[in-house]
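model-v1.cif, holding mmCIF, C-alpha atoms:
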data_final
#
loop_
_atom_site.label_atom_id
_atom_site.label_comp_id
_atom_site.auth_asym_id
_atom_site.auth_seq_id
_atom_site.Cartn_x
_atom_site.Cartn_y
_atom_site.Cartn_z
CA MET A 669 107.08 92.22 76.14
CA TYR A 670 108.92 89.24 77.61
CA ILE A 671 108.08 90.41 81.14
CA ILE A 672 104.39 90.86 80.28
CA LYS A 673 104.12 87.42 78.75
CA ASN A 674 105.73 85.80 81.78
CA TYR A 675 103.50 87.80 84.11
CA LYS A 676 100.47 86.43 82.33
CA LYS A 677 101.86 82.90 82.56
CA ILE A 678 102.35 83.30 86.30
CA ARG A 679 98.74 84.45 86.73
CA GLU A 680 97.49 81.52 84.66
CA LEU A 681 99.58 79.12 86.73
CA LEU A 682 98.18 80.49 89.98
CA PHE A 683 94.68 80.14 88.59
CA PHE A 684 95.18 76.49 87.72
CA ILE A 685 96.78 75.79 91.09
CA SER A 686 93.67 77.24 92.73
CA VAL A 687 91.40 75.06 90.61
CA ILE A 688 93.43 71.97 91.53
CA TYR A 689 92.98 72.80 95.22
CA LEU A 690 89.24 73.15 94.73
CA LEU A 691 89.00 69.78 93.00
CA SER A 692 91.38 67.91 95.28
CA PRO A 693 89.69 65.13 97.28
CA VAL A 694 92.14 65.74 100.12
CA ILE A 695 91.09 69.32 100.79
CA LYS A 696 87.47 68.99 101.88
CA ALA A 697 87.41 71.29 104.91
CA HIS A 698 84.37 73.51 105.18
CA GLU A 699 85.91 76.27 107.23
CA MET A 700 87.03 79.38 105.39
CA TRP A 701 88.39 82.61 106.76
CA ILE A 702 90.13 85.72 105.47
CA GLN A 703 93.72 85.78 106.72
CA PRO A 704 95.54 89.14 106.44
CA LEU A 705 99.31 88.96 106.22
CA ASN A 706 99.27 91.89 108.65
CA TYR A 707 96.22 92.96 110.63
CA SER A 708 97.76 96.37 111.28
CA VAL A 709 99.16 98.50 108.45
CA LYS A 710 100.22 102.10 107.95
CA LEU A 711 98.18 104.48 105.87
CA GLY A 712 99.29 104.16 102.25
CA ASP A 713 100.45 100.57 102.63
CA LYS A 714 98.56 97.75 100.99
CA ILE A 715 96.31 95.29 102.80
CA PHE A 716 97.33 91.78 101.77
CA ALA A 717 95.00 88.95 102.76
CA ASN A 718 94.37 85.37 101.72
CA GLU A 719 91.24 83.32 101.25
CA THR A 720 92.15 80.39 103.49
CA VAL A 721 90.35 77.05 103.76
CA GLY A 722 91.15 74.45 106.40
CA GLN A 723 90.60 73.78 110.06
CA ASP A 724 92.06 74.65 113.46
CA PHE A 725 93.40 77.96 112.05
CA LYS A 726 95.58 76.09 109.54
CA GLY A 727 94.72 75.89 105.90
CA ASN A 728 95.50 76.29 102.23
CA LYS A 729 95.66 79.66 100.51
CA TYR A 730 93.68 80.15 97.31
CA ALA A 731 94.36 82.46 94.39
CA TYR A 732 91.47 84.75 93.48
CA LEU A 733 88.71 83.19 91.40
CA ASP A 734 85.77 85.45 90.59
CA SER A 735 83.26 82.60 90.37
CA SER A 736 84.00 81.67 94.00
CA PHE A 737 82.28 84.81 95.34
CA LYS A 738 78.87 86.38 95.32
CA HIS A 739 80.66 89.40 96.72
CA LEU A 740 84.05 90.33 98.14
CA ASN A 741 83.99 93.83 99.62
CA ILE A 742 86.05 96.20 101.73
CA SER A 743 84.42 98.85 103.92
CA ILE A 744 85.75 101.90 105.74
CA GLY A 745 83.47 104.30 107.55
CA GLY A 746 80.19 104.35 105.67
CA ASN A 747 81.70 103.38 102.31
CA THR A 748 81.73 99.88 100.88
CA ASN A 749 83.55 98.98 97.66
CA LYS A 750 84.22 95.83 95.73
CA VAL A 751 87.68 94.38 96.27
CA ARG A 752 89.64 94.88 93.05
CA SER A 753 91.20 91.45 92.83
CA ARG A 754 92.05 89.90 89.47
CA LEU A 755 92.07 86.29 88.35
CA GLY A 756 95.01 84.47 89.90
CA ASP A 757 95.88 87.10 92.53
CA LEU A 758 97.76 85.55 95.44
CA PRO A 759 97.39 86.88 98.07
CA THR A 760 93.70 86.88 97.17
CA ILE A 761 93.24 90.46 98.36
CA GLN A 762 95.67 93.29 97.60
CA GLU A 763 94.05 96.61 98.46
CA GLU A 764 95.54 100.09 98.61
CA THR A 765 94.74 102.11 101.74
CA GLN A 766 93.72 105.74 101.34
CA GLU A 767 92.06 106.40 104.68
CA GLU A 768 92.84 105.66 108.32
CA GLY A 769 90.41 103.62 110.35
CA LEU A 770 88.92 100.16 110.79
CA HIS A 771 88.81 98.36 107.44
CA ILE A 772 86.28 95.54 107.23
CA ILE A 773 86.58 92.88 104.55
CA THR A 774 83.51 90.72 103.95
CA ALA A 775 82.84 87.88 101.56
CA GLU A 776 79.87 85.78 100.59
CA THR A 777 80.84 82.72 98.60
CA THR A 778 78.97 80.87 95.93
CA ALA A 779 77.79 77.35 96.75
CA SER A 780 80.20 74.47 97.31
CA SER A 781 79.30 70.86 97.99
CA LEU A 782 80.68 67.60 99.25
CA ILE A 783 79.50 64.01 99.52
CA TYR A 784 80.03 62.17 102.80
CA GLU A 785 81.68 58.91 101.83
CA THR A 786 81.63 57.56 105.39
CA ALA A 787 79.33 57.99 108.38
CA GLU A 788 82.38 58.78 110.52
CA LYS A 789 83.24 61.93 108.55
CA PHE A 790 79.73 63.27 108.99
CA ALA A 791 79.75 62.43 112.70
CA ASN A 792 83.12 64.13 113.22
CA PHE A 793 81.88 67.29 111.52
CA LEU A 794 78.71 67.42 113.62
CA THR A 795 80.57 66.82 116.87
CA THR A 796 83.29 69.39 116.13
CA ASP A 797 80.81 72.14 115.29
CA GLY A 798 78.20 71.50 117.96
CA LEU A 799 75.50 70.18 115.64
CA ASP A 800 74.48 67.15 117.69
CA TRP A 801 70.78 67.70 116.97
CA VAL A 802 71.43 66.80 113.33
CA PHE A 803 72.14 63.14 114.24
CA GLU A 804 68.52 62.49 115.24
CA ALA A 805 67.09 64.72 112.51
CA HIS A 806 69.11 62.80 109.91
CA LYS A 807 67.63 59.49 111.08
CA LYS A 808 64.07 60.83 111.26
CA ARG A 809 64.32 62.03 107.65
CA GLY A 810 65.31 58.53 106.60
CA LEU A 811 68.59 59.67 105.05
CA PRO A 812 71.41 57.19 104.36
CA GLU A 813 74.42 56.99 106.67
CA LYS A 814 76.78 57.79 103.80
CA GLY A 815 76.80 58.82 100.16
CA PHE A 816 74.65 61.92 100.64
CA LYS A 817 75.41 65.52 99.66
CA GLU A 818 75.75 68.71 101.66
CA VAL A 819 75.78 72.14 100.00
CA TYR A 820 77.48 74.89 101.95
CA TRP A 821 77.98 78.66 101.83
CA ARG A 822 80.61 80.69 103.66
CA ASN A 823 80.46 84.20 105.09
CA PRO A 824 83.91 85.27 106.34
CA LYS A 825 84.79 88.69 107.73
CA THR A 826 88.08 90.19 108.89
CA LEU A 827 89.02 93.41 110.65
CA VAL A 828 92.18 95.33 109.70
CA LYS A 829 93.66 98.34 111.50
CA VAL A 830 94.87 101.10 109.19
CA GLY A 831 96.62 103.98 110.96
CA HIS A 832 94.66 104.80 114.12
CA GLY A 833 92.19 102.00 113.38
CA LYS A 834 89.16 103.83 114.74
CA GLY A 835 85.73 102.71 113.58
CA GLN A 836 82.96 100.25 114.21
CA ASP A 837 81.96 96.97 112.59
CA LYS A 838 78.34 96.55 111.50
CA ALA A 839 76.06 94.02 109.82
CA PHE A 840 76.41 93.77 106.04
CA GLY A 841 73.45 91.50 105.36
CA MET A 842 75.26 88.18 105.00
CA PRO A 843 73.18 85.07 105.86
CA LEU A 844 75.30 84.03 108.87
CA GLU A 845 77.34 86.98 110.07
CA TRP A 846 79.53 87.86 113.00
CA VAL A 847 79.47 91.51 114.05
CA ALA A 848 82.24 92.77 116.35
CA GLU A 849 80.58 95.11 118.82
CA THR A 850 84.01 95.96 120.26
CA ASN A 851 86.80 97.31 118.08
CA PRO A 852 89.76 95.08 119.07
CA TYR A 853 92.27 97.72 117.98
CA THR A 854 91.01 100.64 120.04
CA SER A 855 89.53 98.97 123.14
CA LYS A 856 91.18 97.63 126.29
CA GLY A 857 88.55 95.18 127.50
CA ASN A 858 87.22 91.88 126.26
CA ILE A 859 85.85 91.63 122.74
CA LYS A 860 82.07 91.49 122.44
CA ALA A 861 80.51 90.06 119.28
CA GLN A 862 77.04 89.16 118.04
CA LEU A 863 76.07 86.40 115.63
CA LEU A 864 73.22 87.09 113.21
CA TRP A 865 71.23 84.59 111.19
CA GLN A 866 69.26 86.19 108.37
CA GLY A 867 69.70 89.54 110.11
CA LYS A 868 68.35 88.40 113.49
CA PRO A 869 70.19 87.37 116.68
CA ALA A 870 71.30 83.74 116.50
CA ALA A 871 70.57 82.47 120.01
CA ASN A 872 72.14 79.39 121.60
CA MET A 873 74.56 78.85 118.72
CA PHE A 874 77.74 76.84 119.19
CA VAL A 875 80.97 78.83 118.68
CA ASN A 876 84.54 77.67 118.07
CA ILE A 877 87.21 80.22 119.01
CA PHE A 878 90.84 79.79 117.95
CA ASN A 879 93.65 81.94 119.32
CA LYS A 880 97.32 82.05 118.32
CA PRO A 881 98.93 84.09 121.13
CA LYS A 882 102.25 84.48 119.27
CA ARG A 883 101.33 85.61 115.78
CA THR A 884 104.92 85.72 114.57
CA SER A 885 105.63 82.08 115.34
CA ALA A 886 104.54 79.38 112.92
CA ASN A 887 104.66 76.95 115.83
CA SER A 888 102.62 79.10 118.18
CA GLU A 889 100.44 76.92 120.36
CA LEU A 890 96.79 77.13 119.34
CA VAL A 891 94.31 77.85 122.13
CA LYS A 892 90.82 76.50 121.45
CA THR A 893 87.73 77.68 123.30
CA ARG A 894 84.09 76.73 122.90
CA MET A 895 81.20 79.01 123.75
CA THR A 896 77.47 79.30 123.14
CA THR A 897 75.75 82.53 122.16
CA ASP A 898 73.23 83.94 124.62
CA ALA A 899 69.59 84.73 123.93
CA ASP A 900 70.67 87.79 121.91
CA GLY A 901 73.28 85.91 119.91
CA ARG A 902 76.15 87.47 121.85
CA ILE A 903 79.44 86.24 123.30
CA GLU A 904 82.31 87.94 125.11
CA ILE A 905 85.83 86.83 124.18
CA PRO A 906 88.67 87.39 126.66
CA ARG A 907 91.67 89.27 125.28
CA ALA A 908 93.86 86.65 126.95
CA ASN A 909 97.48 87.15 125.87
CA GLY A 910 96.53 88.79 122.60
CA GLY A 911 97.51 87.45 119.20
CA LEU A 912 95.36 86.24 116.31
CA PHE A 913 91.74 85.23 116.77
CA LEU A 914 89.33 83.29 114.59
CA ILE A 915 85.67 82.88 115.56
CA ASN A 916 83.56 80.36 113.67
CA SER A 917 79.97 79.10 113.78
CA VAL A 918 77.89 76.84 111.56
CA LYS A 919 74.16 76.90 110.86
CA MET A 920 72.76 73.67 109.43
CA VAL A 921 69.32 73.70 107.77
CA VAL A 922 67.09 71.35 105.85
CA PRO A 923 67.12 72.61 102.25
CA SER A 924 63.88 73.69 100.62
CA LYS A 925 62.20 71.14 98.40
CA LYS A 926 63.07 73.14 95.29
CA PHE A 927 66.73 73.56 96.30
CA ALA A 928 67.04 69.88 97.18
CA GLU A 929 65.62 68.89 93.80
CA GLU A 930 67.97 71.22 91.95
CA THR A 931 71.13 70.25 93.86
CA GLU A 932 70.34 66.80 95.31
CA ALA A 933 71.42 68.20 98.68
CA ALA A 934 70.34 66.40 101.84
CA TRP A 935 71.62 69.24 104.02
CA GLU A 936 72.54 72.88 103.58
CA SER A 937 75.01 74.67 105.86
CA PHE A 938 76.16 78.25 106.36
CA TRP A 939 79.54 79.14 107.85
CA GLY A 940 80.23 82.48 109.53
CA SER A 941 83.72 83.52 110.61
CA LEU A 942 85.43 86.58 112.03
CA SER A 943 89.19 87.09 112.25
CA TYR A 944 91.13 89.89 113.94
CA GLU A 945 94.22 90.55 116.04
CA VAL A 946 94.50 91.71 119.61
CA LEU A 947 97.64 93.85 119.82
CA PRO A 948 99.93 93.64 122.88
CA LYS A 949 99.39 97.31 123.75
CA ILE A 950 96.73 99.88 122.85
#
The structure in this file should be written as C-alpha cells.
Amino acid sequence: MYIIKNYKKIRELLFFISVIYLLSPVIKAHEMWIQPLNYSVKLGDKIFANETVGQDFKGNKYAYLDSSFKHLNISIGGNTNKVRSRLGDLPTIQEETQEEGLHIITAETTASSLIYETAEKFANFLTTDGLDWVFEAHKKRGLPEKGFKEVYWRNPKTLVKVGHGKGQDKAFGMPLEWVAETNPYTSKGNIKAQLLWQGKPAANMFVNIFNKPKRTSANSELVKTRMTTDADGRIEIPRANGGLFLINSVKMVVPSKKFAEETEAAWESFWGSLSYEVLPKI
C-alpha cells in the first residue's frame, strides 16, 4: 500500500511539473517534436519517447497530459492505435513492441497561444522560420507591433525502427504533415520527404533541418540546414554523417473571422516536424 501511495504521488508531482512548464513565461518556444530515447529497439522492448518543446533541437521534456492532444497515435503496417499513456507519464510515450517494422508515432496537439510582448520577438520568429511575407501582411492588416496574440497547433511525427525496421511512412491526415518517402532505416541513399498542407503538396515552403551527427554526445555539434520545398512539396536530405535529424516547417495563416472572434488571435500557425535517426551502417 505504501508503494502504491508513493507511486500516485510521483505521478501527481510529474503532472504539476508539466503544468508549471506550460505556464512558465520563460518557455515560450513554438517548436515541438517527439524525441525517442532510442530510435532503434529490439522486438519486445519498449519504445520510450518524450514530448519535447524548445528550439535548435534542445528543449524541455513534458509529462503526459491528455488535454494537450487531439490525438497521439502509434502505427505499424496498416494498423494505427492510440498511445496508451497515462497522466504524468515521463517519458511521455512508453509503448510495448509486439511486431517488427517501422513504427510511426504521430500527434496533433490542441491549441496553444502566446502574446508577443515586443516587436523584436515576432520579427525573430518570422526570420528564423522563413515567414518574411508576414511582415508586410501584418502592416497591411493594421495590426499593432506588439501585444497581439498568435494561436498555434503542432503536428509532430517520429520514426522508430523495431527489429528489421521495414515499412513505409504515409500521410495520416494532420493539417501540416511531413511524410518520409524514404525509410531511413532500410535505405542507403538520401532521405526524401514531402510536406503536405491540408493533404496537398506544400510548395515553396521554408524548411529548417537540424542534425546531431553524434547522437550519444550531449555536446554533439548541431548542423543546421535550410531548404525550400519544390513544386510538389518535396525535399531531399543528405544522409551526411548520420545521427539524429529533425525537420521542421511552419505554416502561418490569417485566422477565420469566427476563430479570431472566439480566440482574439491575430495570427494562426501550424507546425509540422519529423524526427528520425540515420544509423551508421545499414
TODO: Just the residues within 9 Å of A:Thr826, please, counting all atoms listed in the file, with nothing from its chain fewer than 4 positions along; format it as a count of residues only.
DONE: 13
TODO: For A:His832, please output as number ranges by chain all residues within 12 Å (counting all atoms listed in the file; exclusion window: fewer than 6 positions along the same chain).
DONE: A: 708-711, 767-771, 851-855, 950
Open item on the list: Please enumerate the residues selected by the PyMOL selection byres ((chain A and resi 785) around 10) when evaluated against the supplied file, formatted as a PyMOL selection string.
Closed with: chain A and resi 782-784+786-790+813-817
Open item on the list: Please report the interatomic distance between atom CA of A:Pro812 and atom CA of A:Lys919 in Å with one decimal.
Closed with: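 Straight-line distance from atom CA of A:Pro812 to atom CA of A:Lys919 works out to 20.9 Å.
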Task: Length of the atom CA of A:Glu845 to atom CA of A:Arg894 vector [Å] - done: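 These atoms are spaced 17.8 Å apart.
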Open item on the list: Considering only C-alpha atoms, can you say which of A:Thr795, A:Asn706, A:Ser780, A:Thr893 comes closest to A:Glu818?
Closed with: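 The answer is A:Ser780, which sits nearest to A:Glu818.
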Task: Atom-to-atom span, atom CA of A:Gly940 and atom CA of A:Arg809, Å - done: 26.0 Å
- [ ] Determine the nearest neighbour of A:His806 from the options A:Val921, A:Lys926, A:Asp734, A:Glu945, counting only C-alpha atoms.
- [x] A:Val921
TODO: Go through the shown structure with the PyMOL selection byres ((chain A and resi 760) around 10) and write out the matching residues as a VMD selection string.
DONE: chain A and resid 702 to 704 716 to 720 729 to 733 751 to 759 761 to 763
Task: Given all atoms listed in the file as the counted atoms, nearest of A:Gly833, A:Pro824, A:Gly798, A:Gly746 to A:Thr777 - done: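 Checking each candidate against A:Thr777, we get A:Pro824 as the closest.
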Open item on the list: If the PyMOL selection byres ((chain A and resi 867) around 8) were run on this exact file, what residues would it hold? Put them as a list in words.
Closed with: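 Evaluating the PyMOL selection byres ((chain A and resi 867) around 8) on this file yields Ala839, Gly841, Met842, Pro843, Leu844, Leu864, Trp865, Gln866, Lys868 and Pro869 of chain A.
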Stretch 726-756 of chain A from the block above, N, CA and C atoms, as a short mmCIF file (atom, residue, chain, number, x, y, z; two decimals), in the first residue's frame, please?
data_model
loop_
_atom_site.label_atom_id
_atom_site.label_comp_id
_atom_site.auth_asym_id
_atom_site.auth_seq_id
_atom_site.Cartn_x
_atom_site.Cartn_y
_atom_site.Cartn_z
N LYS A 726 17.02 21.45 -28.94
CA LYS A 726 17.17 21.41 -27.49
C LYS A 726 15.86 21.86 -26.88
N GLY A 727 15.42 21.18 -25.84
CA GLY A 727 14.15 21.59 -25.28
C GLY A 727 13.85 20.95 -23.95
N ASN A 728 12.65 21.22 -23.47
CA ASN A 728 12.17 20.69 -22.19
C ASN A 728 11.24 19.51 -22.46
N LYS A 729 11.34 18.51 -21.60
CA LYS A 729 10.51 17.32 -21.73
C LYS A 729 9.26 17.48 -20.86
N TYR A 730 8.12 17.07 -21.42
CA TYR A 730 6.84 17.24 -20.73
C TYR A 730 6.24 15.89 -20.36
N ALA A 731 5.71 15.80 -19.16
CA ALA A 731 4.94 14.62 -18.77
C ALA A 731 3.62 14.61 -19.54
N TYR A 732 3.05 13.43 -19.70
CA TYR A 732 1.83 13.30 -20.50
C TYR A 732 0.65 14.01 -19.85
N LEU A 733 -0.04 14.77 -20.68
CA LEU A 733 -1.25 15.48 -20.27
C LEU A 733 -2.28 15.29 -21.37
N ASP A 734 -3.35 14.59 -21.07
CA ASP A 734 -4.33 14.21 -22.10
C ASP A 734 -4.90 15.41 -22.83
N SER A 735 -5.13 16.50 -22.13
CA SER A 735 -5.75 17.67 -22.74
C SER A 735 -4.83 18.39 -23.72
N SER A 736 -3.56 17.97 -23.79
CA SER A 736 -2.61 18.60 -24.72
C SER A 736 -2.75 18.06 -26.14
N PHE A 737 -3.47 16.93 -26.30
CA PHE A 737 -3.52 16.27 -27.60
C PHE A 737 -4.93 16.07 -28.13
N LYS A 738 -5.08 16.33 -29.42
CA LYS A 738 -6.27 15.86 -30.13
C LYS A 738 -6.13 14.37 -30.36
N HIS A 739 -4.92 13.97 -30.76
CA HIS A 739 -4.60 12.54 -30.84
C HIS A 739 -3.11 12.33 -30.66
N LEU A 740 -2.78 11.15 -30.16
CA LEU A 740 -1.39 10.70 -30.03
C LEU A 740 -1.42 9.22 -30.36
N ASN A 741 -0.93 8.87 -31.56
CA ASN A 741 -1.09 7.52 -32.08
C ASN A 741 0.24 6.87 -32.44
N ILE A 742 0.22 5.55 -32.51
CA ILE A 742 1.37 4.79 -32.99
C ILE A 742 0.88 3.83 -34.07
N SER A 743 1.60 3.78 -35.18
CA SER A 743 1.17 2.96 -36.32
C SER A 743 2.28 2.01 -36.74
N ILE A 744 1.87 0.80 -37.12
CA ILE A 744 2.79 -0.21 -37.64
C ILE A 744 2.05 -0.97 -38.73
N GLY A 745 2.63 -1.01 -39.92
CA GLY A 745 1.93 -1.63 -41.04
C GLY A 745 0.68 -0.83 -41.36
N GLY A 746 -0.45 -1.48 -41.43
CA GLY A 746 -1.70 -0.78 -41.70
C GLY A 746 -2.51 -0.50 -40.45
N ASN A 747 -1.95 -0.76 -39.28
CA ASN A 747 -2.69 -0.60 -38.03
C ASN A 747 -2.26 0.64 -37.27
N THR A 748 -3.24 1.41 -36.82
CA THR A 748 -2.98 2.61 -36.02
C THR A 748 -3.75 2.50 -34.71
N ASN A 749 -3.05 2.71 -33.60
CA ASN A 749 -3.68 2.64 -32.29
C ASN A 749 -3.30 3.85 -31.44
N LYS A 750 -4.16 4.16 -30.52
CA LYS A 750 -3.90 5.27 -29.61
C LYS A 750 -2.77 4.88 -28.67
N VAL A 751 -1.85 5.81 -28.45
CA VAL A 751 -0.79 5.59 -27.47
C VAL A 751 -1.42 5.51 -26.08
N ARG A 752 -1.01 4.50 -25.30
CA ARG A 752 -1.64 4.26 -24.01
C ARG A 752 -0.91 4.96 -22.87
N SER A 753 -0.69 6.23 -23.03
CA SER A 753 -0.04 6.99 -21.97
C SER A 753 -1.06 7.36 -20.90
N ARG A 754 -0.55 7.55 -19.67
CA ARG A 754 -1.39 7.94 -18.55
C ARG A 754 -0.90 9.27 -17.99
N LEU A 755 -1.79 9.96 -17.33
CA LEU A 755 -1.47 11.26 -16.75
C LEU A 755 -0.16 11.20 -15.95
N GLY A 756 0.76 12.10 -16.31
CA GLY A 756 2.02 12.17 -15.58
C GLY A 756 3.13 11.30 -16.11
#
